[in-house]
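Q: Next up is a structure, given as structure tokens.
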Amino acid sequence: MDYFELHKQYKANSLFGRYITLKDIEPLLEKLATEIIGTSVQGKPIYKYTVGSGKIRIFMWSQMHGNESTTTKALFDFLNVLNSDDELGAKLLSHFTFCILPMVNPDGAELYTRENANKVDLNRDSVNLSQPESQLLRKTFEDFKPDFCYNLHDQRTIFGAGSTGNVATVSFLAPSFNENRDLNEVRIKAMNVIVAMNNELQKYIPNQVGRFDDGFNLNCIGDMFTFLNVPTILFEAGHYQDDYYREFTRKMIFIALVSGLTDIYENDIVDNEIDVYLQIPQNNVVFYDFIYKNVKINYDNKEIITNFAAQYKEELIDSNVQLNAYIVEVGELKGKFGHFQYNAHKMKYFDEFDNIPKINQKANFCLGKDIKFVNGLKK
């Protein structure tokens with residue numbers, strides 16, 4: 001299957017960039033037979049879409065963290081396949097019944113925050129169920145009685161697939177159901193699907209698929225649903241080189257969704273692929289957005305050669321998400337990699353303050369007399 005051509009054909013082109021809110025997806029939802037199942041803290045509708053006639057029941061939800069929109073974009077691309085005249089869509093609908101909550105946290109999406117309007121992380125509210133969004137998610141789970149759960153998220157640019165300098169463009173997890181991280185039939189089913197998706201993704205992003213830490217926390221929704229005996233798969237959409245709008249990563253999530261489901265209904269999921277799952281490198285915090293090496297600075301009246309790193313902060317300004325680079329670490333930076341790296345070759349550092357890179361300072365500076373950096377990038 002030509003997944004790139006498939007995605008090009010069914011991409012929801014109206015959804016672009018990092019800032020995806022309810023206003024962006026409602027025109028698309030109006031074309032579907034959706035149901036409003038309740039409201040957020042601030043009274044925004046939470047939509048449910050149920051489609052398909054197959055015996056395998058798939059529950060998907062996205063953007064329970066409001067600032068994690070990549071999987072929402074990929075989800076609507078996938079919905080376009082389901083609602084097309086394509087043979088693939090017809091096969092998926094005949095084998096599966098889908099229940100989808102495309103935006104669990106519309107308040108957080110508008111505010112571009114991880115938390116909801118009450119500043120509660122909905123992915124840490126699975127025991128207390130203190131928030132209306134958490135309650136709606138749980139009720140939908142209980143009413144639908146899924147065979148698989150797909151928990152769709154984004155992850156930051158800091159993660160690598162292992163520690164070898166390969167970025168984690170997509171990461172997966174088959175969550176634990178107890179403190180011992182034991183294996184049972186439920187977890188193994190999720191692992192087998194992840195292995196199938198990883199096999200396909202390796203064709204496009206070799207060595208750039210990671211495995212998230214499986215430490216147990218019953219407050220997390222994936223751990224809770226696994227504890228309740230439903231195979232649950234965590235998707236984490238990460239960084240790809242120069243893809244800060246997450247458009248290429250969106251395509252990878254789309255490929256993972258379609259290929260994994262296709263493998264399920266074609267019975268290509270191989271039992272007991274635990275060892276293969278565990279060979280997927282574990283996510284490690286090894287990346288910065290920018291690293292500058294061999295920089296000369298004046299420190300305590302001595303000239304020294306050092307390195308420093310800068311990281312983007314995603315800041316919502318005038319209804320636009322701006323990536324603003326701030327200095328976050330100065331020193332050896334052992335074991336760290338940069339999505340952008342610059343070797344200063346002992347050129348001297350200058351800025352408009354004290355001519356020393358300082359933590360939380362905007363990454364606007366000069367190296368030598370002529371090389372200027374604005375918002376982390378060389379001008």
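Residues are named by chain letter and number: chains run A, B, ... in the order of the structure tokens, numbers start at 1 in each chain, and ligands are numbered from 1 in the order shown.
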For region 83-95 of chain A, find every residue with an atom within 8 Å (counting only C-alpha atoms), except residues of its own chain fewer than 2 positions away, and show them as a list in words.
A: Val51, Gly52, Ser53, Gly54, Lys55, Ile56, Leu79, Asn80, Val81, Thr97, Leu261, Thr262 and Tyr265 of chain A
Q: With a distance cut-off of 10 Å and only C-alpha atoms, select the neighbouring residues of Tyr150 (chain A), excluding the residue or stretch itself and same-chain residues fewer than 4 positions from it, and output the selection as a PyMOL selection string.
A: chain A and resi 58-62+100+190+222+231-235+257
Q: Export N, CA, C and O atoms of the chosen residues as a compact mmCIF listing (two decimals), in the first residue's frame?
A:
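Output below, filename selection_11.txt:
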```txt
# COMPACT_ATOMS: atom_id res chain seq x y z
N ILE A 58 -13.16 -0.45 18.76
CA ILE A 58 -11.98 0.38 18.96
C ILE A 58 -12.40 1.73 19.53
O ILE A 58 -13.20 2.45 18.92
N PHE A 59 -11.86 2.06 20.68
CA PHE A 59 -12.13 3.35 21.33
C PHE A 59 -10.89 4.23 21.17
O PHE A 59 -9.79 3.84 21.58
N MET A 60 -11.06 5.39 20.55
CA MET A 60 -9.96 6.34 20.34
C MET A 60 -10.31 7.69 20.95
O MET A 60 -11.46 8.14 20.84
N TRP A 61 -9.32 8.34 21.53
CA TRP A 61 -9.53 9.72 21.98
C TRP A 61 -8.25 10.51 21.81
O TRP A 61 -7.15 9.98 21.89
N SER A 62 -8.43 11.80 21.55
CA SER A 62 -7.30 12.67 21.29
C SER A 62 -7.44 13.98 22.08
O SER A 62 -8.53 14.33 22.53
N ILE A 100 -15.09 7.40 18.86
CA ILE A 100 -13.99 8.37 18.82
C ILE A 100 -14.41 9.65 19.53
O ILE A 100 -15.47 10.22 19.24
N ALA A 190 -1.71 -5.57 23.24
CA ALA A 190 -1.30 -4.21 22.88
C ALA A 190 0.12 -4.21 22.31
O ALA A 190 0.40 -3.51 21.32
N GLY A 222 -4.29 5.31 30.51
CA GLY A 222 -3.89 4.08 29.87
C GLY A 222 -3.66 2.96 30.85
O GLY A 222 -4.05 1.81 30.61
N PRO A 231 -6.85 -3.98 26.29
CA PRO A 231 -5.57 -3.62 25.69
C PRO A 231 -5.57 -2.16 25.25
O PRO A 231 -6.46 -1.72 24.51
N THR A 232 -4.60 -1.42 25.72
CA THR A 232 -4.54 0.03 25.48
C THR A 232 -3.19 0.39 24.89
O THR A 232 -2.16 -0.10 25.35
N ILE A 233 -3.21 1.23 23.87
CA ILE A 233 -1.98 1.64 23.18
C ILE A 233 -1.84 3.14 23.29
O ILE A 233 -2.73 3.90 22.87
N LEU A 234 -0.72 3.56 23.86
CA LEU A 234 -0.38 4.97 23.93
C LEU A 234 0.39 5.35 22.67
O LEU A 234 1.40 4.72 22.34
N PHE A 235 -0.08 6.38 21.98
CA PHE A 235 0.62 6.96 20.83
C PHE A 235 1.21 8.30 21.28
O PHE A 235 0.51 9.12 21.88
N LEU A 257 -1.88 4.24 12.44
CA LEU A 257 -3.29 3.90 12.66
C LEU A 257 -3.77 2.91 11.61
O LEU A 257 -4.34 1.85 11.93
```
Q: State, in Å with one decimal place, the distance from CA of Phe212 (chain A) to CA of Gly108 (chain A).
A: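 One can read the CA of Phe212 (chain A) to CA of Gly108 (chain A) distance as 23.6 Å.
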Q: Could you check which of A:Leu29, A:Leu122, A:Ile264, A:Leu152 is closest to Arg250 (chain A), using only C-alpha atoms?
A: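 When distances to Arg250 (chain A) are compared using only C-alpha atoms, the smallest one comes from A:Leu152.
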Q: Calculate how many Å separate CA of Glu329 (chain A) from CA of Val120 (chain A), rounding to one decimal.
A: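 The value is 28.9 Å.
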Q: Record the distance separating CA of Glu35 (chain A) and CA of Phe98 (chain A), expressed in Å with one decimal.
A: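 Here the two named atoms are 13.5 Å from each other.
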Q: Which residues are near Ile274 (chain A)? Cut-off 9 Å, only C-alpha atoms, ignore same chain within fewer than 6 positions. Put them as a list in words.
A: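 These residues fall inside the cut-off: Ile188, Met191, Asn192 and Val195 of chain A.
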Q: Give the strand (DSSP E) residues of region 186-236 of chain A, as DSSP finds them on the backbone, and put them as a PyMOL selection string.
A: chain A and resi 209-211+232-236
Q: Write out, as a PDB file, in the first residue's frame, the residues just selected, with N, CA, C and O atoms.
A:
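Result file selection-v6.pdb:
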```pdb
ATOM      1  N   VAL A 209      11.636   5.263  16.154  1.00  0.00           N
ATOM      2  CA  VAL A 209      10.451   4.893  16.934  1.00  0.00           C
ATOM      3  C   VAL A 209      10.918   4.513  18.330  1.00  0.00           C
ATOM      4  O   VAL A 209      11.858   3.736  18.493  1.00  0.00           O
ATOM      5  N   GLY A 210      10.281   5.099  19.330  1.00  0.00           N
ATOM      6  CA  GLY A 210      10.671   4.854  20.716  1.00  0.00           C
ATOM      7  C   GLY A 210       9.582   4.122  21.489  1.00  0.00           C
ATOM      8  O   GLY A 210       8.451   3.969  21.022  1.00  0.00           O
ATOM      9  N   ARG A 211       9.978   3.704  22.665  1.00  0.00           N
ATOM     10  CA  ARG A 211       9.054   3.002  23.576  1.00  0.00           C
ATOM     11  C   ARG A 211       9.033   3.776  24.888  1.00  0.00           C
ATOM     12  O   ARG A 211      10.057   3.984  25.515  1.00  0.00           O
ATOM     13  N   THR A 232      -4.601  -1.416  25.724  1.00  0.00           N
ATOM     14  CA  THR A 232      -4.542   0.029  25.484  1.00  0.00           C
ATOM     15  C   THR A 232      -3.188   0.386  24.886  1.00  0.00           C
ATOM     16  O   THR A 232      -2.157  -0.103  25.345  1.00  0.00           O
ATOM     17  N   ILE A 233      -3.208   1.233  23.870  1.00  0.00           N
ATOM     18  CA  ILE A 233      -1.983   1.637  23.181  1.00  0.00           C
ATOM     19  C   ILE A 233      -1.838   3.140  23.291  1.00  0.00           C
ATOM     20  O   ILE A 233      -2.726   3.898  22.871  1.00  0.00           O
ATOM     21  N   LEU A 234      -0.721   3.556  23.860  1.00  0.00           N
ATOM     22  CA  LEU A 234      -0.380   4.971  23.929  1.00  0.00           C
ATOM     23  C   LEU A 234       0.393   5.350  22.673  1.00  0.00           C
ATOM     24  O   LEU A 234       1.401   4.720  22.341  1.00  0.00           O
ATOM     25  N   PHE A 235      -0.077   6.379  21.982  1.00  0.00           N
ATOM     26  CA  PHE A 235       0.621   6.963  20.833  1.00  0.00           C
ATOM     27  C   PHE A 235       1.215   8.302  21.284  1.00  0.00           C
ATOM     28  O   PHE A 235       0.511   9.119  21.884  1.00  0.00           O
ATOM     29  N   GLU A 236       2.473   8.524  20.955  1.00  0.00           N
ATOM     30  CA  GLU A 236       3.111   9.811  21.233  1.00  0.00           C
ATOM     31  C   GLU A 236       3.703  10.340  19.933  1.00  0.00           C
ATOM     32  O   GLU A 236       4.645   9.761  19.383  1.00  0.00           O
TER      33      GLU A 236
END
```
Q: So that I can check the surroundings of His339 (chain A), please list as a list in words every protein, DNA and RNA residue that reaches within 8 Å of it, counting only C-alpha atoms and ignoring chain neighbours fewer than 2 positions away.
A: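 Listing them by chain and then by number gives Gln241, Asp242, Phe287, Tyr288, Asp289, Phe290, Ile291, Phe337 and Gln341 of chain A.
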Q: Using the selection just defined, write its residues with N, CA and C atoms as a compact mmCIF listing (two decimals), in the first residue's frame.
A:
```txt
# COMPACT_ATOMS: atom_id res chain seq x y z
N GLN A 241 13.03 16.00 11.96
CA GLN A 241 13.92 17.12 11.69
C GLN A 241 13.22 18.23 10.90
N ASP A 242 13.27 19.44 11.45
CA ASP A 242 12.70 20.66 10.85
C ASP A 242 11.18 20.61 10.72
N PHE A 287 17.68 15.33 23.87
CA PHE A 287 17.70 16.37 22.84
C PHE A 287 17.38 17.75 23.39
N TYR A 288 18.03 18.74 22.80
CA TYR A 288 17.63 20.14 22.88
C TYR A 288 17.32 20.61 21.46
N ASP A 289 16.55 21.67 21.35
CA ASP A 289 16.30 22.22 20.02
C ASP A 289 17.58 22.82 19.42
N PHE A 290 18.42 23.44 20.26
CA PHE A 290 19.64 24.07 19.79
C PHE A 290 20.80 23.74 20.73
N ILE A 291 21.94 23.43 20.14
CA ILE A 291 23.18 23.29 20.92
C ILE A 291 24.27 24.08 20.20
N PHE A 337 22.11 15.97 22.45
CA PHE A 337 22.13 16.23 21.02
C PHE A 337 21.24 17.43 20.73
N GLN A 341 22.63 22.15 15.57
CA GLN A 341 23.91 22.26 16.27
C GLN A 341 24.83 23.20 15.51
```
Q: Need the shell around Tyr3 (chain A): protein/DNA/RNA residues with any atom at most 9 Å away, counting only C-alpha atoms. Skip same-chain ones fewer than 6 positions apart. Format as a list in words?
A: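 Final neighbour list, sorted by chain and number: Lys251, Phe254, Ile255, Val258 and Ser259 of chain A.
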Q: Just want the 6 Å neighbourhood of Gln208 (chain A), counted on only C-alpha atoms, with same-chain residues fewer than 4 positions away dropped. Output as a list of chain:residue names.
A: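 Those residues are A:Ala161, A:Asn166, A:Val167, A:Ala168, A:Thr169.
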